[in-house]
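Novice: Let me begin by handing over the structure; questions about it come next.
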Amino acid sequence: MIEVQDLHFTYPSGVEALKGISLKIEDGEFVAIMGENGAGKTTLVKHFNGLLKPTKGRVIVNGIETTKVSVATLARKVGFVFQNPDHQLFAETVEEEISFALRNFGFSPSVIEKRVTWALNLLGLMQYRKTSPFMLSGGERKRVALASVLAWDPEILILDEPTIGQDYQQKENLRQFIMQLRTQGKTVLVVTHDVEFVAECNPRVLLMRGGKLIADGAARKVLTDPEILAQSSIVPPQITQLFIELSSLGFPSDIIDLYEARETLLKAFGAAAK
Amino acid sequence: MSMFDGLKYRRVFSPIHNLDPRVKFTYACIIFIVAILFWEFIPLLVLFVIQVPFVILARVRREWLRSMKGAAFLASVIFTVNFAVSFINSGYMITFVALEYALAMTFRFLVLVESFSIFFLTTSPDHLGLALEQTRVPYEFCFAFTTAVRFVPVLAEEAQTIMDAQKARGLELEKGNFLRRIRNYIPILIPLIVSAIRRSLELAEAMESRAWGVSKKRTNLYELKLHGSDYVLLTVTVVLLVAAIYVRLYLPVPRLAEIFDYFAH
Ligand SMILES: Nc1ncnc2c1ncn2[C@@H]1O[C@H](COP(=O)(O)OP(=O)(O)OP(=O)(O)O)[C@@H](O)[C@H]1O
Ligand SMILES: [Mg+2]
């Protein structure tokens with residue numbers, strides 16, 4: 001469980017990036033953090049594995065206050081995949097890259113071998129096992145970075161902009177994969193600008209703006225609320241836009257799911273045909 | 001890092017900032033030469049103190065203090081080593097000669113940091129590039145130089161992010177013995193170097209696709225010209241140099257021991 005109490009954070013340069021945030025994330029929740037550029041999303045999630053410590057307020061992860069333990073200790077429980085994979089890739093082969101964290105956490109060689117194979121398979125990177133990570137494409141590098149974190153099976157997973165540069169197939173894989181993690185009771189936090197991706201996953205959405213939380217609720221509520229949308233830089237998913245246009249005809253305007261949209265439309269046409 | 005922090009340019013309007021970078025560079029170099037001419041404490045102290053008005057005039061006191069604080073550690077090392085060596089050489093006795101020598105070496109270093117920090121704090125990288133260009137350095141070199149200077153803070157920020165990313169994967173920099181600790185930095189250095197190279201290649205491609213270097217003859221919007229105040233500083237600097245050489249050759253320089261004797265009697 002992650003508990004944030006009145007969190008303030010000011011960078012050494014004097015930028016006040018977080019201005020009083022309080023929230024609670026239960027085990028097994030799937031949360032998307034959204035908001036305009038510079039809203040403080042990355043700054044907020046960096047508090048969850050102790051990379052940043054609050055200027056004021058408290059962050060408690062699994063009952064431990066983050067100021068009390070090292071990043072390495074917290075990292076064992078909280079996996080964090082950074083926005084840019086080039087900030088972490090350094091090893092000679094993809095295999096070594098993935099085993100880096102496992103060695104840091106002191107896993108035995110046989111366990112490392114097993115975990116690496118598991119992670120490679122999971123992200124479809126098996127054929128690159130012995131390839132240098134620097135030779136891969138941008139999207140593939142991003143997946144190596146993801147694999148290198150998933151390999152130690154953290155309880156809480158934080159992904160900073162995971163869908164950037166991924167083709168549709170990979171995005172779909174990612175979505176399925178996140179769903180799978182949820183069934184295992186893992187907590188997943190995703191920082192993203194991708195409304196369509198969020199609409200498809202339907203997580204809890206935390207909407208940020210100027211270092212503050214301006215909305216917290218189910219994607220279906222937050223992404224379709226005209227008042228909230230007006231004060232954030234978010235455009236609702238295309239299907240919602242359509243239904244907002246149609247709302248004068250008596251259609252509900254809080255639809256984000258394609259399947260539900262289809263059912264609603266079919267029902268309406270069926271009724272009209274009769 | 002803090003010593004370099006004190007070298008970062010910040011835009012301020014002051015008479016010192018408006019001076020010609022070439023003149024300021026000459027000034028910094030001459031101060032350095034003068035500092036080498038003397039190995040007595042008093043003239044080096046004077047050299048240190050006469051520069052303080054420049055700092056105040058340039059309104060960079062806080063940044064300057066920060067660079068001085070950064071230099072303090074190295075200065076204390078220089079003092080200790082020099083003092084210890086002369087202490088041992090003079091047969092384990094604390095002498096004025098030893099003290100003077102150690103103090104002089106320390107202040108020589110401080111004067112050097114002081115003058116160059118005034119130069120870097122008050123000269124924008126663009127002006128520096130312009131100055132290079134007008135001294136007929138090929139434009140490619142000038143451009144490479146200014147770009148390098150401008151990318152230093154970007155690189156520092158990137159190093160921080162990389163460190164965060166590796167710490168999030170359980171890297172502990174402070175762990176292990178000396179050799180182990182050096183090896184701990186490999187996962188930070190490699191991404192840093194790779195991304196710097198990648199960035200420079202991308203920059204080159206982006207520049208070429210925007211037709212960099214098409215026209216061989218370049219003109220500048222701003223031309224550096226020497227003004228009255230530049231001539232004043234130049235004169236002061238030259239006078240300082242001549243006076244220093246004169247003093248060195250023909251006048252006795254007071255030593256600490258002599259001053260102490262004078263006051264003791
Ligand atoms: N290392 C830093 N030093 C100083 N200020 C910073 C630093 N990192 C971020 N900031 C500032 O803090 C604020 C929040 O930045 P943050 O990176 O958390 O935004 P974000 O919501 O993740 O944005 P994006 O969508 O662009 O990733 C911004 O105003 C930014 O300029
Ligand atoms: Mg961000």
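Quick note on naming: the chains in the structure tokens go A, B, ... in the order shown, residues restart at 1 in each chain, and ligands are numbered from 1 in order of appearance.
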Taking 3 positions as the minimum chain separation for residues in the same chain, which residues sit within 8 Å of region 160-166 of chain A when counting only C-alpha atoms? Answer as a PyMOL selection string.
Specialist: chain A and resi 42+80-83+138-139+142+169-171+190-194
Novice: Could you list, as JSON, numbers by chain, the residues of chain B having an atom within 7 Å of chain A when counting only C-alpha atoms?
Specialist: {"B": [161, 162, 164, 165, 166, 167, 168, 169, 170, 171, 172, 187, 190, 191, 195]}
Novice: Just to confirm, what's the straight-line distance from CA of Phe107 (chain A) to CA of His47 (chain A) in Å (one decimal)?
Specialist: 25.8 Å
Novice: For ligand 1, which residue among B:Tyr262, B:Leu155, B:Leu241, B:Thr123 is the nearest when counting only C-alpha atoms and all ligand atoms?
Specialist: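 Nearest to ligand 1: B:Leu155.
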Novice: Between B:Leu251, B:Arg10, B:Glu157, B:Pro21, which is the closest to ligand 1 once you count only C-alpha atoms and all ligand atoms?
Specialist: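 Ranked by minimum distance to ligand 1, first place goes to B:Glu157.
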Novice: Do you know which residues are at most 12 Å from Leu44 (chain A) counting only C-alpha atoms, after dropping those on the same chain fewer than 6 positions away, and could you put them as an MDAnalysis selection string?
Specialist: chainID A and resid 2 4 6:10 16:23 33:35 38 50:54 58:59 158 160 189:191 206:213
Novice: Output N, CA and C atoms for every residue in that selection, as a compact mmCIF listing (two decimals), in the first residue's frame.
Specialist:
```txt
# COMPACT_ATOMS: atom_id res chain seq x y z
N ILE A 2 0.47 2.24 -0.78
CA ILE A 2 1.20 3.50 -0.80
C ILE A 2 0.32 4.58 -0.18
N VAL A 4 0.27 8.66 0.81
CA VAL A 4 0.93 9.95 0.66
C VAL A 4 0.16 10.96 1.49
N ASP A 6 -0.03 14.87 2.54
CA ASP A 6 0.31 16.29 2.36
C ASP A 6 1.74 16.47 1.83
N LEU A 7 2.02 15.82 0.71
CA LEU A 7 3.37 15.84 0.16
C LEU A 7 3.68 17.15 -0.58
N HIS A 8 4.76 17.77 -0.16
CA HIS A 8 5.29 18.95 -0.86
C HIS A 8 6.69 18.60 -1.33
N PHE A 9 7.06 19.07 -2.52
CA PHE A 9 8.45 18.88 -2.93
C PHE A 9 8.95 20.08 -3.74
N THR A 10 10.11 20.57 -3.33
CA THR A 10 10.74 21.67 -4.03
C THR A 10 12.11 21.21 -4.50
N GLU A 16 8.90 24.63 -7.20
CA GLU A 16 8.02 23.88 -6.32
C GLU A 16 7.18 22.95 -7.18
N ALA A 17 7.57 21.67 -7.26
CA ALA A 17 6.95 20.75 -8.22
C ALA A 17 5.70 20.07 -7.65
N LEU A 18 5.64 19.87 -6.35
CA LEU A 18 4.46 19.27 -5.73
C LEU A 18 3.98 20.18 -4.61
N LYS A 19 2.66 20.47 -4.64
CA LYS A 19 2.14 21.43 -3.67
C LYS A 19 1.03 20.83 -2.85
N GLY A 20 1.35 19.86 -2.01
CA GLY A 20 0.34 19.31 -1.12
C GLY A 20 -0.50 18.25 -1.78
N ILE A 21 0.02 17.02 -1.79
CA ILE A 21 -0.72 15.92 -2.39
C ILE A 21 -0.98 14.86 -1.34
N SER A 22 -2.23 14.42 -1.26
CA SER A 22 -2.57 13.33 -0.35
C SER A 22 -3.33 12.29 -1.13
N LEU A 23 -2.93 11.03 -0.98
CA LEU A 23 -3.68 9.95 -1.64
C LEU A 23 -3.29 8.62 -1.05
N ILE A 33 -1.61 7.86 -13.91
CA ILE A 33 -1.39 9.24 -13.50
C ILE A 33 -1.29 10.08 -14.76
N MET A 34 -2.18 11.05 -14.89
CA MET A 34 -2.22 11.85 -16.10
C MET A 34 -2.08 13.33 -15.76
N GLY A 35 -1.93 14.13 -16.78
CA GLY A 35 -1.81 15.57 -16.57
C GLY A 35 -0.82 16.17 -17.55
N GLY A 38 4.93 18.83 -17.21
CA GLY A 38 5.39 19.65 -16.08
C GLY A 38 4.42 19.69 -14.92
N GLY A 50 11.63 6.23 -3.24
CA GLY A 50 12.60 6.92 -2.40
C GLY A 50 13.67 7.70 -3.14
N LEU A 51 13.56 7.79 -4.49
CA LEU A 51 14.57 8.57 -5.22
C LEU A 51 14.51 10.03 -4.81
N LEU A 52 13.32 10.50 -4.53
CA LEU A 52 13.16 11.85 -3.99
C LEU A 52 12.52 11.72 -2.61
N LYS A 53 12.97 12.58 -1.70
CA LYS A 53 12.39 12.56 -0.36
C LYS A 53 11.58 13.84 -0.18
N PRO A 54 10.42 13.74 0.51
CA PRO A 54 9.54 14.91 0.64
C PRO A 54 10.24 16.10 1.28
N ARG A 58 4.64 13.22 4.19
CA ARG A 58 5.19 11.88 4.32
C ARG A 58 4.74 10.96 3.19
N VAL A 59 5.60 10.03 2.85
CA VAL A 59 5.25 8.99 1.88
C VAL A 59 5.54 7.65 2.55
N ILE A 158 6.05 0.69 -11.30
CA ILE A 158 5.78 2.05 -11.77
C ILE A 158 6.34 2.18 -13.19
N ASP A 160 6.89 4.86 -16.27
CA ASP A 160 6.80 6.25 -16.70
C ASP A 160 6.70 6.28 -18.22
N LEU A 189 1.31 1.26 -11.43
CA LEU A 189 1.11 2.69 -11.63
C LEU A 189 1.69 3.07 -12.99
N VAL A 190 0.89 3.73 -13.79
CA VAL A 190 1.35 4.11 -15.11
C VAL A 190 1.24 5.62 -15.27
N VAL A 191 2.36 6.26 -15.61
CA VAL A 191 2.32 7.69 -15.93
C VAL A 191 2.14 7.76 -17.44
N LEU A 206 -5.55 9.38 -11.68
CA LEU A 206 -5.19 10.54 -10.88
C LEU A 206 -4.80 11.63 -11.86
N LEU A 207 -5.48 12.74 -11.80
CA LEU A 207 -5.21 13.81 -12.75
C LEU A 207 -4.48 14.93 -12.03
N MET A 208 -3.33 15.33 -12.57
CA MET A 208 -2.54 16.36 -11.90
C MET A 208 -2.46 17.62 -12.73
N ARG A 209 -2.23 18.73 -12.04
CA ARG A 209 -2.03 19.98 -12.73
C ARG A 209 -1.32 20.94 -11.78
N GLY A 210 -0.21 21.49 -12.24
CA GLY A 210 0.54 22.47 -11.44
C GLY A 210 0.91 21.96 -10.06
N GLY A 211 1.30 20.69 -9.94
CA GLY A 211 1.76 20.17 -8.66
C GLY A 211 0.64 19.78 -7.71
N LYS A 212 -0.60 19.82 -8.21
CA LYS A 212 -1.72 19.43 -7.34
C LYS A 212 -2.55 18.35 -8.02
N LEU A 213 -3.30 17.62 -7.19
CA LEU A 213 -4.19 16.59 -7.69
C LEU A 213 -5.53 17.28 -7.99
```
Novice: Taking only C-alpha atoms and all ligand atoms and a cut-off of 6 Å, can you tell me which residues surround ligand 1, written as a list of chain:residue names?
Specialist: A:Tyr11, A:Ser13, A:Val15, A:Ala17, A:Glu36, A:Asn37, A:Gly38, A:Ala39, A:Gly40, A:Lys41, A:Thr42, A:Thr43
Novice: Restricted to C-alpha atoms, what would the selected residues look like written as a PDB file, in the first residue's frame?
Specialist:
```pdb
ATOM      1  CA  TYR A  11      13.726  21.004  -6.319  1.00  0.00           C
ATOM      2  CA  SER A  13      16.721  24.962  -8.089  1.00  0.00           C
ATOM      3  CA  VAL A  15      10.935  24.946  -8.496  1.00  0.00           C
ATOM      4  CA  ALA A  17       6.950  20.746  -8.217  1.00  0.00           C
ATOM      5  CA  GLU A  36      -0.091  18.178 -18.685  1.00  0.00           C
ATOM      6  CA  ASN A  37       3.686  18.426 -19.218  1.00  0.00           C
ATOM      7  CA  GLY A  38       5.390  19.650 -16.084  1.00  0.00           C
ATOM      8  CA  ALA A  39       2.408  18.819 -13.856  1.00  0.00           C
ATOM      9  CA  GLY A  40       4.689  16.903 -11.482  1.00  0.00           C
ATOM     10  CA  LYS A  41       3.824  13.294 -12.413  1.00  0.00           C
ATOM     11  CA  THR A  42       7.409  12.069 -12.631  1.00  0.00           C
ATOM     12  CA  THR A  43       8.303  13.979  -9.485  1.00  0.00           C
TER      13      THR A  43
END
```
Novice: In Å, with one decimal, what is the gap from CA of Asn82 (chain B) to CA of Val97 (chain B)?
Specialist: 11.2 Å
Novice: So, with only C-alpha atoms and all ligand atoms as the atoms that count, which of A:Leu265, A:Leu159, A:Ile25, A:Leu125 lies closest to ligand 2?
Specialist: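 Looking only at the distances to ligand 2, the closest residue turns out to be A:Leu159.
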